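Asks: File follows, target_26.tsv with TSV, C-alpha atoms:
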chain	number	residue	atom	x	y	z
A	190	MET	CA	-90.90	-38.41	15.86
A	191	LYS	CA	-92.07	-34.93	14.91
A	192	GLN	CA	-89.01	-33.34	16.52
A	193	ARG	CA	-86.77	-35.81	14.71
A	194	ASN	CA	-88.31	-34.91	11.34
A	195	ILE	CA	-87.86	-31.21	12.07
A	196	PHE	CA	-84.22	-31.86	13.00
A	197	LEU	CA	-83.62	-33.73	9.74
A	198	ILE	CA	-85.21	-30.95	7.69
A	199	VAL	CA	-83.03	-28.35	9.43
A	200	CYS	CA	-79.88	-30.42	8.82
A	201	ILE	CA	-80.71	-30.90	5.13
A	202	THR	CA	-81.38	-27.17	4.71
A	203	VAL	CA	-78.09	-26.24	6.39
A	204	LEU	CA	-76.14	-28.72	4.28
A	205	PHE	CA	-77.80	-27.48	1.08
A	206	ASN	CA	-77.03	-23.84	1.88
A	207	PHE	CA	-73.45	-24.70	2.83
A	208	SER	CA	-72.98	-26.67	-0.37
A	209	TYR	CA	-74.36	-23.79	-2.46
A	210	SER	CA	-72.12	-21.27	-0.71
A	211	GLN	CA	-69.10	-23.44	-1.48
A	212	ASN	CA	-70.15	-23.90	-5.12
A	213	PRO	CA	-71.81	-20.66	-6.23
A	214	GLU	CA	-72.98	-20.44	-9.79
A	215	LYS	CA	-70.25	-19.13	-12.03
A	216	LYS	CA	-70.74	-15.80	-13.73
A	217	LYS	CA	-71.03	-15.94	-17.51
A	218	LEU	CA	-68.59	-14.21	-19.82
A	219	GLY	CA	-69.44	-13.97	-23.51
A	220	VAL	CA	-66.61	-13.49	-26.00
A	221	ILE	CA	-67.01	-12.14	-29.53
A	222	PHE	CA	-64.08	-12.39	-31.94
A	223	ASN	CA	-64.14	-10.13	-34.97
A	224	ILE	CA	-60.66	-10.58	-36.48
A	225	ASN	CA	-60.23	-9.98	-40.21
A	226	GLY	CA	-57.46	-10.32	-42.75
A	227	PRO	CA	-55.07	-10.61	-44.30
A	228	TYR	CA	-54.85	-6.97	-45.34
A	229	ARG	CA	-52.18	-4.93	-47.07
A	230	ILE	CA	-50.89	-2.53	-44.40
A	231	THR	CA	-48.75	0.46	-45.35
A	232	ARG	CA	-46.73	2.32	-42.72
A	233	GLN	CA	-45.39	5.75	-43.65
A	234	VAL	CA	-42.04	6.12	-41.90
A	235	MET	CA	-42.03	9.91	-41.67
A	236	SER	CA	-45.47	10.24	-40.07
A	237	ASN	CA	-45.81	6.70	-38.65
A	238	THR	CA	-49.34	6.57	-40.05
A	239	VAL	CA	-50.84	3.22	-40.97
A	240	GLU	CA	-53.15	2.60	-43.92
A	241	ILE	CA	-55.12	-0.64	-44.28
A	242	SER	CA	-56.48	-1.85	-47.60
A	243	ASN	CA	-57.85	-4.98	-49.22
A	244	VAL	CA	-55.52	-7.12	-51.31
A	245	ASP	CA	-55.28	-6.46	-55.03
A	246	LYS	CA	-55.24	-9.71	-57.03
A	247	LYS	CA	-52.43	-8.23	-59.13
A	248	ASP	CA	-50.26	-7.65	-56.05
A	249	MET	CA	-46.93	-9.48	-56.44
A	250	PHE	CA	-47.35	-10.72	-52.82
A	251	ASN	CA	-50.76	-12.23	-53.57
A	252	GLY	CA	-49.43	-15.76	-52.94
A	253	ALA	CA	-48.16	-14.76	-49.50
A	254	TYR	CA	-51.56	-13.28	-48.65
A	255	LYS	CA	-53.19	-16.55	-49.68
A	256	PHE	CA	-50.80	-18.42	-47.39
A	257	LEU	CA	-51.83	-16.20	-44.46
A	258	GLU	CA	-55.49	-16.59	-45.38
A	259	THR	CA	-55.67	-20.37	-45.27
A	260	GLY	CA	-54.06	-23.35	-43.56
A	261	LYS	CA	-51.32	-23.06	-40.98
A	262	GLY	CA	-50.41	-19.54	-42.07
A	263	ASN	CA	-53.66	-18.07	-40.74
A	264	PRO	CA	-53.21	-16.86	-37.12
A	265	ILE	CA	-56.89	-16.51	-36.08
A	266	GLU	CA	-57.36	-19.97	-34.55
A	267	ARG	CA	-54.18	-19.63	-32.47
A	268	ILE	CA	-55.25	-16.19	-31.25
A	269	VAL	CA	-58.74	-17.39	-30.30
A	270	ASN	CA	-57.34	-20.44	-28.48
A	271	ALA	CA	-54.93	-18.22	-26.53
A	272	TYR	CA	-57.77	-15.96	-25.37
A	273	LEU	CA	-60.01	-18.86	-24.34
A	274	LYS	CA	-57.19	-20.64	-22.49
A	275	ASN	CA	-56.23	-17.55	-20.48
A	276	LEU	CA	-59.82	-16.52	-19.78
A	277	GLU	CA	-60.33	-19.89	-18.05
A	278	SER	CA	-58.13	-18.64	-15.19
A	279	LEU	CA	-60.86	-16.07	-14.31
A	280	ASN	CA	-63.14	-18.85	-12.99
A	281	VAL	CA	-66.09	-17.89	-15.17
A	282	GLU	CA	-68.25	-19.79	-17.62
A	283	ILE	CA	-67.02	-18.78	-21.06
A	284	ILE	CA	-69.43	-18.66	-24.00
A	285	GLN	CA	-67.98	-18.01	-27.43
A	286	ILE	CA	-70.56	-16.05	-29.39
A	287	LYS	CA	-70.85	-15.91	-33.15
A	288	ASP	CA	-73.21	-12.93	-33.09
A	289	THR	CA	-71.86	-9.59	-34.23
A	290	VAL	CA	-72.23	-6.35	-32.32
A	291	SER	CA	-72.49	-3.34	-34.58
A	292	LYS	CA	-70.14	-0.42	-33.95
A	293	ALA	CA	-68.20	-2.59	-31.50
A	294	ASN	CA	-65.45	-0.01	-31.18
A	295	ASP	CA	-67.67	3.05	-30.96
A	296	PRO	CA	-69.41	3.10	-27.58
A	297	ILE	CA	-70.85	6.45	-26.61
A	298	PHE	CA	-69.68	8.49	-23.64
A	299	VAL	CA	-72.11	8.79	-20.74
A	300	TRP	CA	-70.86	11.44	-18.35
A	301	THR	CA	-67.28	10.37	-17.65
A	302	LYS	CA	-67.41	6.68	-18.59
A	303	ARG	CA	-67.84	4.81	-21.86
A	304	GLU	CA	-70.97	2.73	-22.11
A	305	TYR	CA	-72.56	0.53	-24.72
A	306	VAL	CA	-76.23	1.40	-24.92
A	307	ILE	CA	-76.94	-0.07	-28.34
A	308	ASP	CA	-79.65	-2.69	-28.66
A	309	ASP	CA	-77.24	-5.38	-29.93
A	310	VAL	CA	-75.50	-5.61	-26.55
A	311	LYS	CA	-78.78	-5.81	-24.66
A	312	LYS	CA	-80.05	-8.55	-26.97
A	313	THR	CA	-76.82	-10.52	-26.56
A	314	LYS	CA	-77.01	-10.26	-22.77
A	315	VAL	CA	-80.57	-11.60	-22.68
A	316	LYS	CA	-80.05	-14.26	-25.34
A	317	TYR	CA	-77.10	-15.89	-23.55
A	318	ASN	CA	-77.89	-14.80	-19.97
A	319	LEU	CA	-74.51	-13.08	-19.67
A	320	ASP	CA	-72.90	-11.06	-16.90
A	321	PHE	CA	-69.95	-9.77	-18.93
A	322	LEU	CA	-68.95	-9.43	-22.57
A	323	LEU	CA	-65.48	-9.24	-24.14
A	324	ILE	CA	-65.30	-7.96	-27.72
A	325	VAL	CA	-62.02	-8.62	-29.55
A	326	ASP	CA	-61.95	-6.64	-32.75
A	327	GLY	CA	-58.89	-6.53	-34.99
A	328	TYR	CA	-56.94	-7.30	-38.13
A	329	PHE	CA	-53.77	-8.95	-39.43
A	330	GLY	CA	-51.76	-8.78	-42.61
A	331	ILE	CA	-48.50	-7.87	-44.29
A	332	GLU	CA	-47.03	-4.48	-43.49
A	333	PHE	CA	-44.99	-2.55	-46.04
A	334	GLU	CA	-42.75	0.24	-44.82
A	335	LYS	CA	-42.54	3.29	-47.06
A	336	ALA	CA	-40.24	6.29	-46.87
A	337	GLY	CA	-41.35	8.62	-49.63
A	338	VAL	CA	-40.87	6.73	-52.89
A	339	PHE	CA	-38.63	4.12	-51.25
A	340	ASN	CA	-39.86	0.75	-50.01
A	341	GLY	CA	-38.51	-0.54	-46.71
A	342	ASP	CA	-38.97	-3.68	-44.63
A	343	LYS	CA	-41.84	-6.12	-44.90
A	344	ARG	CA	-43.45	-7.42	-41.71
A	345	THR	CA	-46.32	-9.49	-40.44
A	346	ASN	CA	-48.66	-7.35	-38.37
A	347	ILE	CA	-51.46	-8.15	-35.90
A	348	PHE	CA	-53.54	-5.59	-34.00
A	349	LEU	CA	-56.43	-6.36	-31.61
A	350	ASN	CA	-58.70	-3.94	-29.75
A	351	ASN	CA	-60.37	-5.31	-26.60
A	352	ASP	CA	-63.47	-4.00	-24.81
A	353	PHE	CA	-64.56	-5.68	-21.56
A	354	ILE	CA	-68.15	-4.73	-20.70
A	355	ASN	CA	-70.11	-5.14	-17.48
A	356	LEU	CA	-73.58	-5.98	-18.78
A	357	GLU	CA	-75.28	-4.88	-15.58
A	358	THR	CA	-74.40	-1.28	-16.41
A	359	ASN	CA	-73.19	-1.58	-20.05
A	360	ALA	CA	-70.04	0.23	-18.90
A	361	VAL	CA	-66.72	-0.46	-20.59
A	362	VAL	CA	-64.82	-1.33	-17.43
A	363	SER	CA	-61.59	-2.11	-19.27
A	364	ASP	CA	-60.32	-1.46	-22.77
A	365	PHE	CA	-56.86	-2.31	-24.05
A	366	ASN	CA	-54.94	-3.06	-27.23
A	367	VAL	CA	-52.80	-6.05	-28.10
A	368	GLY	CA	-50.59	-5.89	-31.16
A	369	ASN	CA	-47.12	-6.14	-32.64
A	370	ILE	CA	-45.06	-6.64	-35.78
A	371	SER	CA	-42.29	-9.01	-36.90
A	372	ASN	CA	-39.83	-8.53	-39.76
A	373	VAL	CA	-39.86	-10.86	-42.75
A	374	LYS	CA	-36.45	-12.00	-44.00
A	375	LYS	CA	-35.58	-10.30	-47.28
A	376	LYS	CA	-33.68	-13.16	-48.91
A	377	ASN	CA	-35.92	-15.38	-51.05
A	378	ILE	CA	-38.93	-13.49	-49.68
A	379	LEU	CA	-41.29	-14.99	-52.28
A	380	SER	CA	-40.91	-18.76	-52.08
A	381	PRO	CA	-44.20	-20.47	-52.93
A	382	PRO	CA	-46.06	-22.57	-52.03
A	383	ASN	CA	-45.08	-22.61	-48.33
A	384	PHE	CA	-43.61	-19.08	-48.03
A	385	PRO	CA	-41.18	-20.02	-45.22
A	386	ASN	CA	-40.14	-16.40	-44.54
A	387	PHE	CA	-43.73	-15.34	-43.85
A	388	ASP	CA	-44.37	-18.53	-41.90
A	389	GLU	CA	-41.35	-17.86	-39.67
A	390	SER	CA	-42.28	-14.21	-39.23
A	391	MET	CA	-45.87	-15.02	-38.21
A	392	ASN	CA	-44.71	-17.73	-35.80
A	393	ASN	CA	-42.23	-15.34	-34.19
A	394	LEU	CA	-44.89	-12.67	-33.93
A	395	LEU	CA	-47.34	-15.03	-32.23
A	396	ASN	CA	-45.02	-17.04	-30.00
A	397	ASP	CA	-42.61	-14.32	-28.88
A	398	LYS	CA	-44.81	-11.24	-28.81
A	399	LEU	CA	-48.55	-11.49	-29.25
A	400	LEU	CA	-49.60	-14.59	-27.29
A	401	PRO	CA	-47.54	-13.64	-24.19
A	402	GLU	CA	-49.03	-10.13	-24.38
A	403	ILE	CA	-52.57	-11.56	-24.50
A	404	GLU	CA	-51.82	-13.53	-21.32
A	405	ARG	CA	-50.38	-10.49	-19.53
A	406	LYS	CA	-53.22	-8.16	-20.52
A	407	ILE	CA	-55.98	-10.59	-19.53
A	408	LYS	CA	-54.45	-11.10	-16.08
A	409	LYS	CA	-53.91	-7.37	-15.60
A	410	ARG	CA	-56.92	-5.75	-17.24
A	411	ILE	CA	-59.85	-8.15	-16.81
A	412	VAL	CA	-61.13	-8.40	-13.25
A	413	ILE	CA	-64.28	-10.31	-12.36
A	414	PRO	CA	-65.90	-8.82	-9.21
Show this structure as structure tokens.
Replies:
Amino acid sequence: MKQRNIFLIVCITVLFNFSYSQNPEKKKLGVIFNINGPYRITRQVMSNTVEISNVDKKDMFNGAYKFLETGKGNPIERIVNAYLKNLESLNVEIIQIKDTVSKANDPIFVWTKREYVIDDVKKTKVKYNLDFLLIVDGYFGIEFEKAGVFNGDKRTNIFLNNDFINLETNAVVSDFNVGNISNVKKKNILSPPNFPNFDESMNNLLNDKLLPEIERKIKKRIVIP
């Protein structure tokens, strides 16, 4: 009887270890989204420099900004959903975090690699028991092209900076940008309340350019060891 009990204990232990090896605990990936807008974005044609500013209430495009700020015109929810959907393919437990990380785009350099050593990251790791952290920091808005005193095309614009951090070392193991622009049709450009030209431009920007780029970059640049 004693030998039989020992045999059963051994079998149970083997089965438990086998089951655990087949179903290891998933690593945890925290995601912080810090996407703001809409902003007024000015692109100087000659220098290709971009200036970002808050919207003036007296701006003649104020109605279009309002459309992009609320309701179906706002792209943030679609961007967030695209990230979360594609991150699922990494076979990790995803935790969307509302906390903010100060100076998210300004990690310091330690020898030859960029590392986050600020307390915010350490606190976030402990609070959520994370292995990795992805910080998506960016903006969207209406871009106005300027060539000297002349005004050019109007566009919708989205730009996102991504930092993927290994929280064991705080090293930025991958950083990449996702962003693009889409022209707004000139005819009847201000057509409240639905602003169809801006709606079409934002949809084209998301569907044809930005969301496919998010999918490509996640598959190429984020690797879970």
Asks: Can you list, as a list in words, every protein, DNA or RNA residue that comes within 9 Å of Ile331 of chain A when you count all atoms listed in the file, leaving out same-chain residues fewer than 5 positions away?
Replies: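 With the cut-off at 9 Å, the set is Pro227, Tyr228, Arg229, Ile230, Thr231, Ala253, Tyr254, Leu257, Lys343, Arg344, Thr345, Asn346, Ile347 and Phe387 of chain A.
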Asks: Sorted by chain and rising residue number, list the residues of segment 344-404 of chain A at most 9 Å from segment 266-269 of chain A (counting all atoms listed in the file), each with its closest atom pair and distance in Å to one decimal, as a Markdown table.
Replies:
| residue | atom | partner | partner_atom | distance |
| --- | --- | --- | --- | --- |
| A:Leu395 | CA | A:Ile268 | CA | 8.1 |
| A:Leu399 | CA | A:Ile268 | CA | 8.4 |
| A:Leu400 | CA | A:Ile268 | CA | 7.1 |
| A:Ile403 | CA | A:Ile268 | CA | 8.6 |
Asks: Rank nothing, just name the residue among A:Ile265, A:Leu276, A:Asn393, A:Phe250 nearest to Tyr328 of chain A, using only C-alpha atoms.
Replies: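 Of all the options, A:Ile265 lies closest to Tyr328 of chain A.
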Asks: Quick one: residues within 9 Å of segment 218-224 of chain A, all atoms listed in the file counted, chain neighbours fewer than 5 positions away excluded, as a ChimeraX atom specification?
Replies: /A:265,269,273,281-290,313-314,317,319-329,349
